[in-house]
file protein.cif (mmCIF, C-alpha atoms)
data_upload
loop_
_atom_site.label_atom_id
_atom_site.label_comp_id
_atom_site.auth_asym_id
_atom_site.auth_seq_id
_atom_site.Cartn_x
_atom_site.Cartn_y
_atom_site.Cartn_z
CA MET T 673 0.00 0.00 0.00
CA ILE T 674 1.24 3.47 -0.84
CA ASN T 675 0.66 5.72 2.20
CA HIS T 676 1.80 9.04 0.74
CA ILE T 677 3.72 10.54 -2.14
CA GLN T 678 6.10 13.43 -1.70
CA GLY T 679 7.94 15.16 -4.48
CA LYS T 680 7.99 17.95 -7.02
CA LEU T 681 4.59 19.17 -8.21
CA THR T 682 4.75 19.13 -12.01
CA ASP T 683 1.06 19.50 -12.96
CA LYS T 684 -1.86 20.92 -10.97
CA ASN T 685 -5.51 20.75 -12.07
CA PRO T 686 -8.78 20.88 -10.10
CA THR T 687 -9.27 17.13 -10.67
CA HIS T 688 -5.71 15.77 -10.56
CA VAL T 689 -2.06 16.53 -9.87
CA VAL T 690 1.17 14.97 -11.06
CA ILE T 691 3.96 14.58 -8.51
CA ASP T 692 7.47 13.76 -9.74
CA CYS T 693 9.05 11.44 -7.19
CA ASN T 694 12.62 10.47 -8.13
CA GLY T 695 11.96 10.69 -11.85
CA VAL T 696 8.59 8.92 -11.82
CA GLY T 697 5.48 11.07 -12.34
CA TYR T 698 2.52 9.88 -10.26
CA LEU T 699 -0.95 11.01 -11.34
CA LEU T 700 -3.20 11.45 -8.31
CA HIS T 701 -6.92 12.16 -8.60
CA ILE T 702 -7.95 14.81 -6.07
CA SER T 703 -11.05 16.55 -4.74
CA LEU T 704 -11.64 20.29 -5.00
CA HIS T 705 -11.06 20.46 -1.24
CA THR T 706 -7.54 19.05 -1.66
CA PHE T 707 -6.98 21.31 -4.70
CA SER T 708 -7.78 24.35 -2.55
CA GLN T 709 -5.32 23.17 0.13
CA ILE T 710 -2.36 22.70 -2.24
CA PRO T 711 0.22 25.48 -1.83
CA ASP T 712 1.83 27.06 -4.87
CA GLY T 713 5.28 25.76 -3.90
CA GLU T 714 7.30 23.23 -5.87
CA PHE T 715 7.20 20.38 -3.36
CA LEU T 716 4.07 18.59 -2.26
CA LYS T 717 3.11 15.72 0.02
CA LEU T 718 -0.26 14.05 -0.43
CA TYR T 719 -1.70 11.07 1.45
CA THR T 720 -2.90 8.42 -0.96
CA HIS T 721 -5.42 5.69 -1.49
CA LEU T 722 -4.66 3.09 -4.18
CA GLN T 723 -7.68 1.54 -5.87
CA VAL T 724 -6.92 -1.66 -7.73
CA LYS T 725 -9.35 -2.91 -10.37
CA GLU T 726 -9.05 -5.41 -13.19
CA ASP T 727 -8.35 -2.75 -15.77
CA ALA T 728 -6.67 0.03 -13.75
CA HIS T 729 -4.67 0.99 -10.70
CA THR T 730 -5.84 4.46 -9.65
CA LEU T 731 -4.22 6.71 -7.05
CA TYR T 732 -6.28 9.24 -5.11
CA GLY T 733 -4.53 12.05 -3.25
CA PHE T 734 -5.62 13.88 -0.10
CA SER T 735 -4.26 16.92 1.70
CA SER T 736 -5.01 15.42 5.13
CA LEU T 737 -5.38 12.05 6.81
CA ALA T 738 -8.89 13.07 7.92
CA GLU T 739 -10.03 13.56 4.32
CA ARG T 740 -8.56 10.18 3.31
CA GLU T 741 -10.35 8.48 6.22
CA ILE T 742 -13.71 9.99 5.22
CA PHE T 743 -13.06 8.91 1.59
CA ARG T 744 -12.37 5.34 2.70
CA LEU T 745 -15.52 5.28 4.84
CA LEU T 746 -17.60 6.59 1.93
CA ILE T 747 -16.34 4.00 -0.58
CA SER T 748 -17.15 1.24 1.92
CA VAL T 749 -20.86 2.02 1.39
CA SER T 750 -22.61 -0.06 -1.27
CA GLY T 751 -23.33 2.10 -4.31
CA ILE T 752 -20.69 4.74 -3.51
CA GLY T 753 -17.70 4.49 -5.79
CA ALA T 754 -14.48 6.45 -5.72
CA ASN T 755 -15.77 9.10 -8.13
CA ILE T 756 -18.94 9.77 -6.11
CA ALA T 757 -16.89 9.90 -2.89
CA ARG T 758 -14.52 12.37 -4.57
CA THR T 759 -17.52 14.45 -5.72
CA MET T 760 -18.83 14.47 -2.15
CA LEU T 761 -15.47 15.75 -0.89
CA SER T 762 -15.43 18.34 -3.67
CA SER T 763 -18.89 19.66 -2.77
CA LEU T 764 -18.42 19.66 1.02
CA THR T 765 -15.43 19.81 3.35
CA PRO T 766 -14.52 16.57 5.15
CA LYS T 767 -15.84 18.14 8.37
CA GLN T 768 -19.20 18.96 6.75
CA VAL T 769 -19.51 15.41 5.39
CA ARG T 770 -18.62 13.99 8.81
CA GLU T 771 -21.10 16.22 10.65
CA GLY T 772 -23.81 15.68 8.03
CA ILE T 773 -23.55 11.93 8.49
CA GLY T 774 -23.22 12.23 12.29
CA THR T 775 -26.38 14.33 12.58
CA GLY T 776 -28.31 12.31 10.00
CA ASP T 777 -28.74 15.34 7.72
CA VAL T 778 -30.17 13.63 4.62
CA THR T 779 -30.83 17.00 2.93
CA LEU T 780 -27.16 18.01 3.15
CA ILE T 781 -25.87 14.69 1.78
CA GLN T 782 -28.56 14.69 -0.92
CA SER T 783 -27.53 18.20 -2.01
CA ILE T 784 -24.41 16.68 -3.59
CA LYS T 785 -24.64 16.09 -7.34
CA GLY T 786 -25.30 12.43 -8.12
CA ILE T 787 -26.64 11.56 -4.65
CA GLY T 788 -30.33 10.71 -4.47
CA ALA T 789 -32.51 10.35 -1.38
CA LYS T 790 -32.00 6.58 -1.09
CA THR T 791 -28.22 6.81 -1.47
CA ALA T 792 -28.04 9.63 1.09
CA GLN T 793 -30.08 7.56 3.55
CA ARG T 794 -27.87 4.50 2.92
CA VAL T 795 -24.69 6.55 3.53
CA ILE T 796 -26.08 7.84 6.83
CA LEU T 797 -27.42 4.44 7.89
CA ASP T 798 -24.14 2.65 7.11
CA LEU T 799 -21.73 5.27 8.47
CA LYS T 800 -23.44 7.15 11.31
CA ASP T 801 -22.33 4.74 14.07
CA LYS T 802 -18.79 4.53 12.66
CA ILE T 803 -18.51 8.33 12.41
CA LEU T 804 -19.80 8.82 15.96
CA LYS T 805 -17.38 6.17 17.28
CA ILE T 806 -14.26 7.12 15.27
CA TYR T 807 -14.52 10.85 15.85
CA ASP T 808 -15.84 10.43 19.40
CA ILE T 809 -18.73 12.74 18.63
CA ASP T 810 -21.48 12.81 21.20
CA GLU T 811 -24.69 12.41 19.21
CA VAL T 812 -26.56 14.72 21.58
CA SER T 813 -24.05 17.56 21.22
CA VAL T 814 -23.94 17.19 17.44
CA SER T 815 -27.68 17.41 17.08
CA LYS T 816 -28.35 19.88 19.94
CA GLY T 817 -29.04 22.77 17.60
CA ASN T 818 -31.10 20.52 15.34
CA THR T 819 -33.34 19.33 18.18
CA ASN T 820 -34.66 22.84 18.84
CA LYS T 821 -35.03 23.38 15.11
CA ASP T 822 -36.86 20.07 14.61
CA GLU T 823 -39.24 20.71 17.50
CA ALA T 824 -39.99 24.23 16.24
CA LEU T 825 -40.57 22.95 12.69
CA SER T 826 -42.93 20.20 13.82
CA ALA T 827 -44.90 22.73 15.90
CA LEU T 828 -45.16 25.07 12.91
CA GLU T 829 -46.31 22.16 10.73
CA VAL T 830 -49.03 21.35 13.24
CA LEU T 831 -50.10 25.00 13.00
CA GLY T 832 -50.54 24.49 9.25
CA PHE T 833 -47.38 26.05 7.77
CA VAL T 834 -45.53 24.47 4.84
CA LYS T 835 -42.37 22.73 6.11
CA LYS T 836 -39.95 24.12 3.50
CA GLN T 837 -41.12 27.69 4.00
CA ALA T 838 -41.01 27.33 7.80
CA GLU T 839 -37.54 25.76 7.60
CA ARG T 840 -36.18 28.74 5.64
CA VAL T 841 -37.52 31.16 8.23
CA VAL T 842 -36.23 29.08 11.17
CA ASP T 843 -32.79 28.78 9.53
CA LYS T 844 -32.60 32.60 9.21
CA ILE T 845 -33.51 32.95 12.89
CA LEU T 846 -30.84 30.39 13.86
CA VAL T 847 -28.20 32.33 11.92
CA ALA T 848 -29.05 35.46 13.90
CA GLN T 849 -29.61 33.66 17.23
CA PRO T 850 -27.76 30.29 17.26
CA ASP T 851 -28.71 29.60 20.91
CA ALA T 852 -32.42 30.34 20.50
CA ASP T 853 -34.71 27.92 22.36
CA VAL T 854 -37.78 26.26 20.83
CA GLU T 855 -40.20 28.86 22.16
CA THR T 856 -38.15 31.76 20.75
CA LEU T 857 -37.85 30.01 17.38
CA ILE T 858 -41.61 29.49 17.14
CA LYS T 859 -42.45 33.06 18.20
CA GLN T 860 -39.93 34.61 15.77
CA ALA T 861 -41.06 32.29 12.96
CA LEU T 862 -44.72 33.21 13.47
CA LYS T 863 -43.80 36.89 13.08
CA ASN T 864 -42.03 36.17 9.79
CA LEU T 865 -44.40 33.65 8.19
#
call {"tool": "encode", "arguments": {"input": "protein.cif", "output": "structure tokens"}}
result
Amino acid sequence: MINHIQGKLTDKNPTHVVIDCNGVGYLLHISLHTFSQIPDGEFLKLYTHLQVKEDAHTLYGFSSLAEREIFRLLISVSGIGANIARTMLSSLTPKQVREGIGTGDVTLIQSIKGIGAKTAQRVILDLKDKILKIYDIDEVSVSKGNTNKDEALSALEVLGFVKKQAERVVDKILVAQPDADVETLIKQALKNL
């Protein structure tokens, strides 16, 4: 297994880089997140994941071990290949992917191009426990802000408001007042709906 490649950066594109390591140019496929982390200097070190298939050996490069770990977790899910995992890490930061899975945020995962509702649910179902265990995230603390939001949204739905419209209003309130309790959220939302 190739853990990392360090050498002279000879080609840099949003989808791949070429690193010259002792006269051999290694093509590494990267996410936009990694692309944004690559300095303009001549030398570069990227952590790698080698995917071996019948017809190709493909190297993927990552700016951090955390991003590589998330990538490996994603490709372990049935229906998520390396390209979809790379697209996920291009659309969201590794931290956003991790927190989206940890909180069970289907909407966030589904917002990524090529991810449908069923795939997003499968990713969350398969990886939520692993994410919570690996990153030692307390499920209650991760979803603390969401609990107030969820309770406020369900109350507004009971009052007859459309969920999407209510969610937009509640999200705006949470931006202005991140620590707002359920009662405050409902009162503010009623003023704005």
call {"tool": "resolve_selection", "arguments": {"input": "protein.cif", "expression": "the PyMOL selection byres ((chain T and resi 841) around 12)", "output": "ChimeraX atom specification"}}
result
/T:821,824-825,828,833-840,842-848,857-865
call {"tool": "resolve_selection", "arguments": {"input": "protein.cif", "expression": "the PyMOL selection byres ((chain T and resi 716-720) around 8)", "output": "ChimeraX atom specification"}}
result
/T:674-681,691,700,710-711,713-715,721-722,731-737,740
call {"tool": "closest_residue", "arguments": {"input": "protein.cif", "among": "T:Ser826, T:Gln768, T:Ser750, T:Ala757", "to": "Leu797 of chain T", "atoms": "only C-alpha atoms"}}
result
T:Ser750
call {"tool": "atom_distance", "arguments": {"input": "protein.cif", "atom1": "atom CA of Gly774 of chain T", "atom2": "atom CA of Gln849 of chain T"}}
result
22.9 Å
call {"tool": "atom_distance", "arguments": {"input": "protein.cif", "atom1": "atom CA of Leu804 of chain T", "atom2": "atom CA of Met760 of chain T"}}
result
19.0 Å
call {"tool": "closest_residue", "arguments": {"input": "protein.cif", "among": "T:Ala738, T:Asn694, T:Glu855, T:Ile781", "to": "Ala827 of chain T", "atoms": "all atoms listed in the file"}}
result
T:Glu855
call {"tool": "residues_around", "arguments": {"input": "protein.cif", "residues": "segment 799-802 of chain T", "least_positions_apart": "3", "cutoff": "6 Å", "atoms": "only C-alpha atoms", "output": "VMD selection string"}}
result
chain T and resid 773 to 774 795 to 796 805 to 806
call {"tool": "axis_aligned_box", "arguments": {"input": "protein.cif", "around": "segment 721-729 of chain T", "padding_each_side": "6 Å", "output": "lines of an AutoDock Vina configuration file"}}
result
center_x = -7.0
center_y = 0.1
center_z = -8.6
size_x = 16.7
size_y = 23.1
size_z = 26.3
call {"tool": "resolve_selection", "arguments": {"input": "protein.cif", "expression": "the PyMOL selection byres ((chain T and resi 746) around 10)", "output": "ChimeraX atom specification"}}
result
/T:740-745,747-754,756-758,760-761,769,795-796,798-799
call {"tool": "atom_distance", "arguments": {"input": "protein.cif", "atom1": "atom CA of Arg770 of chain T", "atom2": "atom CA of Ile803 of chain T"}}
result
6.7 Å
